[in-house]
Amino acid sequence: MTAALDGVVVVIPVHDEEALLGRCLVAMDEARADAARLAPDVPVSVTVVLDECSDQSAAIAARFDVEVVTVHARAVGFARSAGVTAALREATEPSAVWIANTDADSAVPSNWLTVQIDLARQGVDIMVGTVRPDVADLTDEQLDAWRLTHVPGVANGHVHGANLGIRADVYRRAGGFASVPEHEDVQLVERAVLAGARVEATDACWVLTSGRPVGRTPGGYAGYLRDGLLTRAEGIRLEAARAARLSA
């Protein structure tokens with residue numbers, strides 16, 4: 001199946017990310033350059049949503065070729081939704097527009113857009129991409145746990161707003177991002193799947209994201225690294241030890 005693709009809109013929510021936003025937007029520029037070279041017929045726009053920012057995030061965003069939207073919700077779901085609404089305001093054929101989502105504390109690879117363009121043209125409705133934490137932010141124990149629980153090159157199917165793509169008409173049918181402080185990405189994909197969306201999980205364009213222990217949402221990825229990663233790794237170790245005993 002081949003699907004039409006007239007453009008890609010990228011949406012990046014921001015809440016006080018002056019330390020990492022520059023890295024994010026430099027990486028996005030590199031991905032846009034790669035897309036312009038390999039898919040010159042697909043225009044790419046970037047919308048940065050400043051949500052209750054009190055730092056220098058606005059000044060940093062102003063240095064890049066992006067549209068800036070300002071909201072005061074302190075909720076990532078609301079910010080993503082506002083960004084998508086702004087980015088799609090001139091879209092006349094939503095089925096031919098792809099929404100690419102990432103986060104301000106993340107850095108996409110240079111092939112991030114081209115992978116999504118290829119998937120969209122193949123008729124995929126949603127791309128669920130992987131993320132990897134910045135190892136400089138992890139303790140030795142966390143790093144060991146990460147290596148135990150994740151296999152590079154293998155898509156685990158977990159939904160991350162930092163690496164998520166969705167066709168605009170599918171996004172609208174699924175009700176868009178809910179105005180919630182977290183899990184808006186997971187909820188959107190769940191609703192879209194129930195409506196019959198075709199989902200592709202991939203590790204082909206994994207995104208580097210912050211490994212900080214305290215994030216901008218109550219739980220989110222930072223909460224998983226802080227509270228869930230070690231528990232999951234311990235469970236894998238116990239299961240491996242049990243299997244070894246049974247096979248002895």
# chains A, B, ... in the order shown; residues from 1 in each chain; ligands from 1
call {"tool": "residues_around", "arguments": {"residues": "Asp137 of chain A", "least_positions_apart": "5", "cutoff": "8 Å", "atoms": "only C-alpha atoms", "output": "number ranges by chain"}}
result
A: 210-212
call {"tool": "write_last_selection", "arguments": {"atoms": "C-alpha atoms", "output": "compact mmCIF listing (two decimals), in the first residue's frame"}}
result
# COMPACT_ATOMS: atom_id res chain seq x y z
CA SER A 210 17.33 12.84 29.34
CA GLY A 211 18.02 10.29 32.04
CA ARG A 212 17.29 12.76 34.82
call {"tool": "residues_around", "arguments": {"residues": "segment 126-130 of chain A", "least_positions_apart": "4", "cutoff": "7 Å", "atoms": "only C-alpha atoms", "output": "list of chain:residue names"}}
result
A:Ala155, A:Gly157, A:Val159, A:Asn163, A:Leu164, A:Gly165, A:Ile166, A:Arg167, A:Arg198, A:Val199, A:Glu200, A:Ala201, A:Thr202, A:Asp203, A:Cys205, A:Trp206, A:Val207
call {"tool": "write_last_selection", "arguments": {"atoms": "N, CA, C and O atoms", "output": "PDB file, in the first residue's frame"}}
result
ATOM      1  N   ALA A 155      12.585  -3.250  18.802  1.00  0.00           N
ATOM      2  CA  ALA A 155      11.528  -2.332  19.235  1.00  0.00           C
ATOM      3  C   ALA A 155      10.704  -2.996  20.322  1.00  0.00           C
ATOM      4  O   ALA A 155      10.198  -4.103  20.139  1.00  0.00           O
ATOM      5  N   GLY A 157       7.966  -1.639  21.675  1.00  0.00           N
ATOM      6  CA  GLY A 157       6.556  -1.294  21.552  1.00  0.00           C
ATOM      7  C   GLY A 157       6.036  -0.335  22.597  1.00  0.00           C
ATOM      8  O   GLY A 157       4.851   0.014  22.581  1.00  0.00           O
ATOM      9  N   VAL A 159       5.206   3.146  24.276  1.00  0.00           N
ATOM     10  CA  VAL A 159       4.846   4.430  23.679  1.00  0.00           C
ATOM     11  C   VAL A 159       5.568   5.560  24.417  1.00  0.00           C
ATOM     12  O   VAL A 159       5.468   5.675  25.639  1.00  0.00           O
ATOM     13  N   ASN A 163       9.185  10.071  20.891  1.00  0.00           N
ATOM     14  CA  ASN A 163       9.447   9.412  19.603  1.00  0.00           C
ATOM     15  C   ASN A 163       8.165   8.769  19.096  1.00  0.00           C
ATOM     16  O   ASN A 163       8.011   7.544  19.115  1.00  0.00           O
ATOM     17  N   LEU A 164       7.264   9.611  18.652  1.00  0.00           N
ATOM     18  CA  LEU A 164       5.935   9.148  18.261  1.00  0.00           C
ATOM     19  C   LEU A 164       5.470   9.891  17.013  1.00  0.00           C
ATOM     20  O   LEU A 164       5.534  11.111  16.950  1.00  0.00           O
ATOM     21  N   GLY A 165       5.021   9.150  16.022  1.00  0.00           N
ATOM     22  CA  GLY A 165       4.473   9.754  14.818  1.00  0.00           C
ATOM     23  C   GLY A 165       3.071   9.235  14.557  1.00  0.00           C
ATOM     24  O   GLY A 165       2.767   8.079  14.845  1.00  0.00           O
ATOM     25  N   ILE A 166       2.210  10.087  13.999  1.00  0.00           N
ATOM     26  CA  ILE A 166       0.833   9.684  13.740  1.00  0.00           C
ATOM     27  C   ILE A 166       0.261  10.495  12.578  1.00  0.00           C
ATOM     28  O   ILE A 166       0.517  11.695  12.454  1.00  0.00           O
ATOM     29  N   ARG A 167      -0.496   9.818  11.737  1.00  0.00           N
ATOM     30  CA  ARG A 167      -1.146  10.509  10.627  1.00  0.00           C
ATOM     31  C   ARG A 167      -2.223  11.444  11.185  1.00  0.00           C
ATOM     32  O   ARG A 167      -2.928  11.109  12.144  1.00  0.00           O
ATOM     33  N   ARG A 198      -3.198   1.330  12.034  1.00  0.00           N
ATOM     34  CA  ARG A 198      -2.067   0.441  11.763  1.00  0.00           C
ATOM     35  C   ARG A 198      -0.827   1.015  12.452  1.00  0.00           C
ATOM     36  O   ARG A 198      -0.412   2.140  12.159  1.00  0.00           O
ATOM     37  N   VAL A 199      -0.248   0.244  13.353  1.00  0.00           N
ATOM     38  CA  VAL A 199       0.874   0.711  14.167  1.00  0.00           C
ATOM     39  C   VAL A 199       2.148  -0.033  13.783  1.00  0.00           C
ATOM     40  O   VAL A 199       2.133  -1.254  13.570  1.00  0.00           O
ATOM     41  N   GLU A 200       3.238   0.705  13.698  1.00  0.00           N
ATOM     42  CA  GLU A 200       4.554   0.118  13.442  1.00  0.00           C
ATOM     43  C   GLU A 200       5.489   0.527  14.569  1.00  0.00           C
ATOM     44  O   GLU A 200       5.730   1.717  14.813  1.00  0.00           O
ATOM     45  N   ALA A 201       6.006  -0.470  15.306  1.00  0.00           N
ATOM     46  CA  ALA A 201       7.008  -0.214  16.338  1.00  0.00           C
ATOM     47  C   ALA A 201       8.385  -0.376  15.710  1.00  0.00           C
ATOM     48  O   ALA A 201       8.629  -1.341  14.971  1.00  0.00           O
ATOM     49  N   THR A 202       9.285   0.552  15.985  1.00  0.00           N
ATOM     50  CA  THR A 202      10.598   0.506  15.348  1.00  0.00           C
ATOM     51  C   THR A 202      11.689   1.054  16.253  1.00  0.00           C
ATOM     52  O   THR A 202      11.441   1.921  17.089  1.00  0.00           O
ATOM     53  N   ASP A 203      12.887   0.529  16.065  1.00  0.00           N
ATOM     54  CA  ASP A 203      14.075   1.048  16.739  1.00  0.00           C
ATOM     55  C   ASP A 203      15.000   1.724  15.727  1.00  0.00           C
ATOM     56  O   ASP A 203      16.130   2.073  16.042  1.00  0.00           O
ATOM     57  N   CYS A 205      14.961   4.604  14.413  1.00  0.00           N
ATOM     58  CA  CYS A 205      15.282   6.029  14.635  1.00  0.00           C
ATOM     59  C   CYS A 205      15.135   6.356  16.119  1.00  0.00           C
ATOM     60  O   CYS A 205      14.421   7.268  16.503  1.00  0.00           O
ATOM     61  N   TRP A 206      15.840   5.576  16.947  1.00  0.00           N
ATOM     62  CA  TRP A 206      15.736   5.777  18.389  1.00  0.00           C
ATOM     63  C   TRP A 206      16.206   7.180  18.781  1.00  0.00           C
ATOM     64  O   TRP A 206      17.084   7.765  18.155  1.00  0.00           O
ATOM     65  N   VAL A 207      15.576   7.704  19.823  1.00  0.00           N
ATOM     66  CA  VAL A 207      15.800   9.081  20.262  1.00  0.00           C
ATOM     67  C   VAL A 207      16.534   9.108  21.600  1.00  0.00           C
ATOM     68  O   VAL A 207      16.173   8.383  22.534  1.00  0.00           O
TER      69      VAL A 207
END
call {"tool": "residues_around", "arguments": {"residues": "Asp65 of chain A", "least_positions_apart": "2", "cutoff": "9 Å", "atoms": "only C-alpha atoms", "output": "JSON, numbers by chain"}}
result
{"A": [29, 45, 46, 61, 62, 63, 67]}
call {"tool": "residues_around", "arguments": {"residues": "Ala59 of chain A", "least_positions_apart": "5", "cutoff": "12 Å", "atoms": "only C-alpha atoms", "output": "list of chain:residue names"}}
result
A:Asp16, A:Glu17, A:Glu18, A:Leu21, A:Gly22, A:Val48, A:Leu50, A:Cys53, A:Ser54, A:Phe64, A:Val68
call {"tool": "atom_distance", "arguments": {"atom1": "atom CA of His72 of chain A", "atom2": "atom CA of Arg32 of chain A"}}
result
28.4 Å
call {"tool": "atom_distance", "arguments": {"atom1": "atom CA of Pro133 of chain A", "atom2": "atom CA of Pro152 of chain A"}}
result
12.4 Å
call {"tool": "select_by_dssp", "arguments": {"residues": "segment 125-223 of chain A", "states": "helix (DSSP H, G or I)", "output": "ChimeraX atom specification"}}
result
/A:135-137,140-149,161-163,168-173,184-194,220-223
call {"tool": "residues_around", "arguments": {"residues": "segment 178-193 of chain A", "least_positions_apart": "5", "cutoff": "9 Å", "atoms": "only C-alpha atoms", "output": "list in words"}}
result
Ala73, Arg74, Ala75, Val76, Gly77, Phe78, Ala79, Arg80, Ser81, Asp125, Ile126, Val128, His158, Val159, His160, Gly161, Leu164, Ile166, Val170, Tyr171, Arg173, Arg198, Val199, Thr217, Pro218, Gly219 and Gly220 of chain A
call {"tool": "select_by_dssp", "arguments": {"residues": "segment 13-165 of chain A", "states": "strand (DSSP E)", "output": "PyMOL selection string"}}
result
chain A and resi 13-14+44-51+67-71+97-101+106-107+126-133+164-165
call {"tool": "closest_residue", "arguments": {"among": "A:Gln56, A:Thr114, A:Thr85, A:Ser106", "to": "Leu38 of chain A", "atoms": "only C-alpha atoms"}}
result
A:Thr114
call {"tool": "closest_residue", "arguments": {"among": "A:Asp41, A:Asp140, A:Glu52, A:Glu30", "to": "Ile117 of chain A", "atoms": "only C-alpha atoms"}}
result
A:Asp41
call {"tool": "closest_residue", "arguments": {"among": "A:Pro40, A:Gly7, A:Pro109, A:Gly83", "to": "Phe177 of chain A", "atoms": "only C-alpha atoms"}}
result
A:Gly83
